[in-house]
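K.L.:
Quick one: the structure is below, and I'll ask about it shortly.
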Amino acid sequence: AVGRVARTMGVALKLGDKPTPKEFDATLREFEGRPDGRILSYLVLRALPRAEYTAEDRGHFGIGARRYAHFTSPIRRYPDLVVHRLVRLALAGPSSPDVSDRLKADVQAAAVICNDRERLADKAERFSDRLLRARFMADHIGESYDGVVSDVTGFGVFVTVENPYV
């Protein structure tokens, strides 16, 4: 879909079936300085698959790392607390295979729950953003603003008003 939209804007994306981070970077750099560069970059980034938690080490696509674990302060997010616990276990020394298998199953179950909760939080955030934008713009019905097409779907076109940013 992003390729189709880009073509209507006169841009041929140079991304293969399985683009690398370098290809994405090169593509995004091509958009710099273009009047429509911001929306093109947004469309390309939206086309990326959503990151998710898993018990498997799949690396990090964006930074090109084959092995990767992300964590911050464990008081902030449950996934970070899980990683801190795993690091503590790893530092304690090797565990038996049955403990390792059970641990992997527990981590995968936690990952599924964390992914679900993150999607729910994102949905709530999008809803509250739309609600606040609608409330703000209710006092400006009938006024005209410059906007940028920010998405094209099968059921419509989305426009972002840049000043005021809604």
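Labeling convention for the structure tokens: chains A, B, ... as they appear, residues from 1 per chain, ligands from 1 in order of appearance.
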According to DSSP computed on the backbone, where in chain A is there alpha helix (DSSP H)? Give the residues as a ChimeraX atom specification.
P.N.:
/A:2-8,21-30,37-46,78-92,97-137
K.L.:
What is the atom CA of Ala109 of chain A-atom CA of Ile75 of chain A distance in Å, reported with one decimal?
P.N.:
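Taking atom CA of Ala109 of chain A as the start and atom CA of Ile75 of chain A as the end point, the length is 20.2 Å.
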K.L.:
With only C-alpha atoms as the basis for distance, which of A:Leu120, A:Leu43, A:Leu28, A:Ala55 is at the shortest distance from Thr153 of chain A?
P.N.:
A:Leu43
K.L.:
Can you pull out every residue within 12 Å of segment 36-39 of chain A, counting only C-alpha atoms, but drop anything in the same chain fewer than 6 positions away, and send it as an MDAnalysis selection string?
P.N.:
chainID A and resid 2 5:6 8:11 27:30 45:46 147:152 158:160 162
K.L.:
Name all residues at most 10 Å from segment 65-69 of chain A (count only C-alpha atoms; drop same-chain ones fewer than 6 positions away) and give them as a list in words.
P.N.:
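Everything that qualifies: Tyr53, Glu56, Asp57, Arg58, Gly59, Asp80 and Val83 of chain A.
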K.L.:
Mind pulling up the distance from atom CA of Asp25 of chain A to atom CA of Ile63 of chain A?
P.N.:
10.6 Å
K.L.:
Compare A:Val87, A:Gly156, A:Ala12, A:Val166 by their minimum atom-to-atom distance to Ala138 of chain A, counting only C-alpha atoms, and give me the closest one.
P.N.:
A:Val166
K.L.:
Mind checking which residues fall within 12 Å of Val82 of chain A, counting only C-alpha atoms, ignoring those fewer than 6 positions away in the same chain, and posting them as a count of residues only?
P.N.:
22
K.L.:
So how many Å separate atom CA of Ala26 of chain A and atom CA of Tyr42 of chain A, to one decimal?
P.N.:
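Taking atom CA of Ala26 of chain A as the start and atom CA of Tyr42 of chain A as the end point, the length is 14.5 Å.
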K.L.:
Between A:Arg34, A:Ala92, A:Asn115, A:Gly3, which has the minimum distance to Asp17 of chain A (counting only C-alpha atoms)?
P.N.:
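Selected residue with least distance to Asp17 of chain A: A:Gly3.
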